[in-house]
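Okay, so here's the structure we're looking at.
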Amino acid sequence: MHGLTFDIAHLLAGSLVVVSFVQLYQDRLSALINVFAAHALVLALSVAWQAFAQGAPHLYITAGIALAFKAIIIPVALRRIIVRLGIHREIETVVGVGPAMLLGIGLVALSMVVMLRVTADADPLAREDLAFALSVVLLGLLMMVTRRNAVSQVIGFMSLENGLVLAATGAKGMPLVVEISVAFSVLIAFIVIGIFLFRIRERFDTVDVQAMDRFRGEQR
Amino acid sequence: MIRDIALQGCQMLLVLLLSPLLTGFVRKVKARLLRRQGPSLLQPYRDLIRLMRKDVVLADNASWLFRIIPYFVFAATWIAASLVPTFRSGLLFSWSADLIAIIAVLGSARFFLALAGLDVGTSFGGIGSSREVMIASLAEPAMLMIVFTLALIAGSTQLSTMSAFMNSSEVGLRVSLGLGLIALIIVAIAENARIPVDNPATHLELTMVHEAMVLEYSGRHLALIELSAALKLLVYFSLIACLFAPWGVSSPAAEPKLLIVGVVAYTAKLAGGGILLAVFETAIAKMRVFRLPGFLGAALMLALLATLLRFVSRSF
């Protein structure tokens with residue numbers, strides 16, 4: 001693997017981690033959706049570059065799927081949902097931005113330590129991709145934990161899935177069928193979650209999941 | 001030896017003479033962007049000369065510390081400016097202190113300035129000092145993390161070596177360097193009291209940080225403080241230029257002709273940076289003081305991330 005190809009792959013995968021942090025930093029829902037679209041765009045670029053670097057044309061299809069579904073269709077749909085729910089100006093966080101950022105840094109450090117130990121004799125390109133992918137997955141999980149609003153939890157879930165796609169493209173020889181089925185299952189999950197959002201709203205008059213704690217008898 | 005001393009002296013004089021011009025230039029570009037005529041480029045020099053001629057008015061309860069601090073702050077900033085490679089790397093003084101020492105010198109200058117703000121005991125000085133220290137406590141860890149990242153990449157904390165490394169083809173495209181650059185720009189904005197953090201052009205009590213701290217100074221003391229503020233801006237410009245745009249800096253081995261290229265490149269870099277700063281300041285509004293931790297926290301986070309990502313970029 002010569003210098004520049006590696007460097008660009010590294011740059012794109014690293015930017016995905018940075019965009020994950022930007023996502024964690026945003027507390028307004030409409031801005032969050034824009035950042036999510038940017039996240040998917042960076043993912044598509046990164047996958048396309050992997051396709052070029054590995055000489056694997058089927059990865060271009062994966063990049064196209066990421067671009068069409070996650071950078072365009074899902075953000076547009078989410079925007080329509082939040083406008084219909086009337087929460088597009090909402091600001092919400094459970095943990096403040098500062099602690100969330102520090103936790104995120106800790107998770108990135110954790111995934112670097114784990115991945116670099118485990119994959120000591122792997123191909124360097126796959127290795128750094130896996131380390132970045134694990135941090136994107138963990139940051140997506142962190143996003144789901146630190147938010148109260150169901151819509152931003154959905155965004156956390158989607159960005160977690162972006163990390164999985166990054167991992168899948170970094171490992172050579174992942175068949176296209178697997179990627180397509182992952183992409184479609186996420187789309188279906190999105191539709192199911194979307195329906196659930198409206199059901200939650202009908203029942204509880206809010207999509208703030210803390211409201212549901214009361215019904216489980218967990219209110220302090 | 002004589003030649004080395006002469007070159008070092010040239011750099012010290014150059015930074016001293018250029019710094020008010022840089023401040024004037026940024027003000028002029030900002031005024032032109034707002035479609036105003038703006039003061040002349042030489043106005044900061046005239047201000048300094050006028051302040052030098054004026055008498056010093058001291059508060060009754062000002063201590064000896066209050067009187068020596070302007071000289072100390074000026075000396076510390078000038079030393080820092082003499083250590084950063086501008087038109088030529090590897091100058092005489094540059095081997096005596098590295099980047100961490102430069103940050104320490106600038107940090108101690110700020111510490112004494114904050115003490116001076118508290119010395120007379122007015123409420124404005126107190127506000128200014130407490131805000132300045134709050135900003136510093138967030139900006140300094142970020143700055144140290146940036147230094148850490150850059151030193152890991154370049155294999156040295158010595159600015160001349162780092163600058164030479166950044167100019168070579170070994171560097172490549174690195175995500176850590178990009179993050180470090182953004183973090184360094186945020187830190188530089190905060191340290192120099194520029195717009196999203198502090199507004200250098202007003203004396204409005206709600207927004208003042210730096211100006212509140214030096215409110216009690218007058219005459220030649222104020223002139224020295226203004227000059228060191230201008231010098232500090234120049235130091236940060238030179239630091240960013242020599243680390244992230246090291247083109248045209250002549251090396252010790254290069255022939256004397258290249259010195260002129262170095263000076264021209266340095267002035268061009270300063271002018272480019274000044275225009276960018278003015279455009280940025282015109283485009284953005286001043287932040288509330290309580291939002292600053294978020295802004296500077298972003299710098300700290302980017303710097304931490306840069307350090308972490310550096311460990312992946314070349315398998316260690």
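Chain labels A, B, ... are given in the sequence in which chains occur in the structure tokens; within each chain residues are numbered consecutively from 1, and ligands are likewise numbered from 1 in the order shown.
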With a cut-off of 12 Å, could you pull out the residues of region 134-175 of chain A touching region 186-196 of chain A and give me the nearest pair of atoms for each, distance in Å to one decimal, using only C-alpha atoms, ordered by chain and ascending number, as CSV?
```
residue,atom,partner,partner_atom,distance
A:Ala150,CA,A:Ile193,CA,9.1
A:Val151,CA,A:Gly194,CA,8.6
A:Ser152,CA,A:Ile193,CA,11.7
A:Gln153,CA,A:Ile193,CA,10.1
A:Val154,CA,A:Ile193,CA,7.5
A:Ile155,CA,A:Phe190,CA,9.6
A:Gly156,CA,A:Phe190,CA,11.7
A:Phe157,CA,A:Val186,CA,9.2
A:Met158,CA,A:Val186,CA,7.6
A:Ser159,CA,A:Val186,CA,10.8
A:Leu160,CA,A:Val186,CA,10.6
A:Glu161,CA,A:Val186,CA,7.7
A:Asn162,CA,A:Val186,CA,10.2
A:Leu164,CA,A:Val186,CA,11.2
A:Val165,CA,A:Val186,CA,11.2
```
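Those residues of chain A that fall within 8 Å of chain B when using only C-alpha atoms read Gly3, Leu4, Asp7, Ile8, His10, Leu11, Gly14, Ser15, Val97, Gly98, Met101, Leu102, Ile105, Val108, Ala109, Met112, Leu116, Pro124, Glu128 and Ala131 of chain A.
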Tell me which protein, DNA and RNA residues are within 8 Å of region 55-69 of chain B, counting only C-alpha atoms, leaving out same-chain ones fewer than 6 positions away, and put them as a list of chain:residue names. B:Phe112, B:Leu113, B:Ala116, B:Asp119, B:Val120, B:Glu216, B:Tyr217, B:Ser218, B:Gly219, B:Arg220, B:His221
Mind checking DSSP for region 93-181 of chain A and telling me the alpha helix (DSSP H) residues as number ranges by chain? A: 97-118, 124-146, 150-170, 176-181
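For the atom pair formed by CA of Gly121 (chain B) and CA of Ser137 (chain B), the distance is 22.2 Å, given to one decimal.
In this comparison, which uses only C-alpha atoms, the residue of B:Ala109, B:Cys10, B:Ala278, B:Ala223 approaching Leu22 (chain B) most closely is B:Ala278.
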When you look at region 52-63 of chain A with a cut-off of 12 Å (counting only C-alpha atoms), what residues show up, excluding the ones that are within fewer than 4 positions of it in the same chain? I need them as a CSV table (one decimal) with C-alpha atoms, in the first residue's frame.
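File selection.csv, as written:
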```csv
chain,number,residue,atom,x,y,z
A,1,MET,CA,0.0,0.0,0.0
A,2,HIS,CA,1.7,3.2,-1.0
A,3,GLY,CA,1.7,6.4,0.8
A,4,LEU,CA,-1.0,8.6,-0.6
A,5,THR,CA,-3.7,5.9,-1.1
A,6,PHE,CA,-3.3,5.0,2.5
A,7,ASP,CA,-3.3,8.6,3.6
A,8,ILE,CA,-6.5,9.4,1.9
A,9,ALA,CA,-8.2,6.3,3.2
A,10,HIS,CA,-7.0,7.2,6.6
A,40,ALA,CA,-23.4,9.3,5.5
A,41,LEU,CA,-21.7,11.4,2.8
A,42,VAL,CA,-18.3,10.9,4.4
A,43,LEU,CA,-19.0,7.2,4.7
A,44,ALA,CA,-20.0,7.1,1.0
A,45,LEU,CA,-16.7,8.8,0.0
A,46,SER,CA,-14.7,6.5,2.2
A,47,VAL,CA,-16.3,3.4,0.8
A,48,ALA,CA,-15.8,4.7,-2.7
A,67,LEU,CA,-25.3,8.0,-0.6
A,68,ALA,CA,-28.9,7.4,-1.8
A,69,PHE,CA,-30.4,6.0,1.4
A,70,LYS,CA,-28.5,7.5,4.3
A,71,ALA,CA,-27.4,10.8,2.9
A,123,ASP,CA,-3.1,-5.5,6.6
A,125,LEU,CA,-5.5,-0.5,5.7
A,126,ALA,CA,-7.9,-3.0,7.2
A,162,ASN,CA,-22.5,3.5,9.3
A,165,VAL,CA,-20.5,-0.6,6.9
A,166,LEU,CA,-17.1,1.0,7.3
A,168,ALA,CA,-17.3,-4.3,6.3
A,169,THR,CA,-15.6,-2.4,3.5
A,170,GLY,CA,-12.3,-2.3,5.3
A,171,ALA,CA,-12.2,-6.1,5.5
A,172,LYS,CA,-11.4,-7.5,2.0
A,173,GLY,CA,-13.8,-10.0,0.4
A,174,MET,CA,-17.0,-9.2,2.2
A,175,PRO,CA,-19.7,-10.3,-0.2
A,176,LEU,CA,-22.1,-7.7,-1.6
A,177,VAL,CA,-25.2,-9.7,-0.6
A,178,VAL,CA,-24.4,-9.2,3.0
A,179,GLU,CA,-24.0,-5.4,2.6
A,180,ILE,CA,-27.2,-5.0,0.7
A,181,SER,CA,-29.1,-7.1,3.2
A,182,VAL,CA,-27.7,-5.0,6.1
A,183,ALA,CA,-28.6,-1.8,4.3
A,184,PHE,CA,-32.2,-3.0,3.7
```
Surrounding residues of region 37-42 of chain B excluding itself and chain neighbours under 4 positions, 6 Å, only C-alpha atoms, as a VMD selection string: chain B and resid 24 to 25 28 31
Atoms kept (N, CA and C atoms) for selection, written as a PDB file, in the first residue's frame:
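Dumped to out.pdb:
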```pdb
ATOM      1  N   GLY B  24      -2.687  46.939  12.403  1.00  0.00           N
ATOM      2  CA  GLY B  24      -3.312  47.962  11.570  1.00  0.00           C
ATOM      3  C   GLY B  24      -3.914  47.370  10.311  1.00  0.00           C
ATOM      4  N   PHE B  25      -3.198  46.393   9.748  1.00  0.00           N
ATOM      5  CA  PHE B  25      -3.672  45.769   8.507  1.00  0.00           C
ATOM      6  C   PHE B  25      -4.986  45.031   8.742  1.00  0.00           C
ATOM      7  N   LYS B  28      -7.714  47.505   9.065  1.00  0.00           N
ATOM      8  CA  LYS B  28      -8.025  48.124   7.779  1.00  0.00           C
ATOM      9  C   LYS B  28      -8.888  47.184   6.936  1.00  0.00           C
ATOM     10  N   ALA B  31     -12.345  47.036   8.237  1.00  0.00           N
ATOM     11  CA  ALA B  31     -13.106  48.238   7.899  1.00  0.00           C
ATOM     12  C   ALA B  31     -13.530  48.202   6.437  1.00  0.00           C
TER      13      ALA B  31
END
```
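CA of Thr149 (chain B) is positioned 18.4 Å from CA of Leu110 (chain A).
For Ser111 (chain A), the list of residues within 8 Å, based on only C-alpha atoms and with local chain neighbours fewer than 4 positions off taken out, reads Leu107, Met115, Ala131, Phe132, Leu134 and Ser135 of chain A.
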Residues near Met1 (chain B), cut-off 9 Å, only C-alpha atoms, skip fewer than 4 positions along chain, as a PyMOL selection string: chain B and resi 5-6+92
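For the choices A:Trp49, A:Phe215, A:Leu138, A:Gly106, the atom-to-atom distance to Leu12 (chain A) is smallest for A:Trp49 when using only C-alpha atoms.
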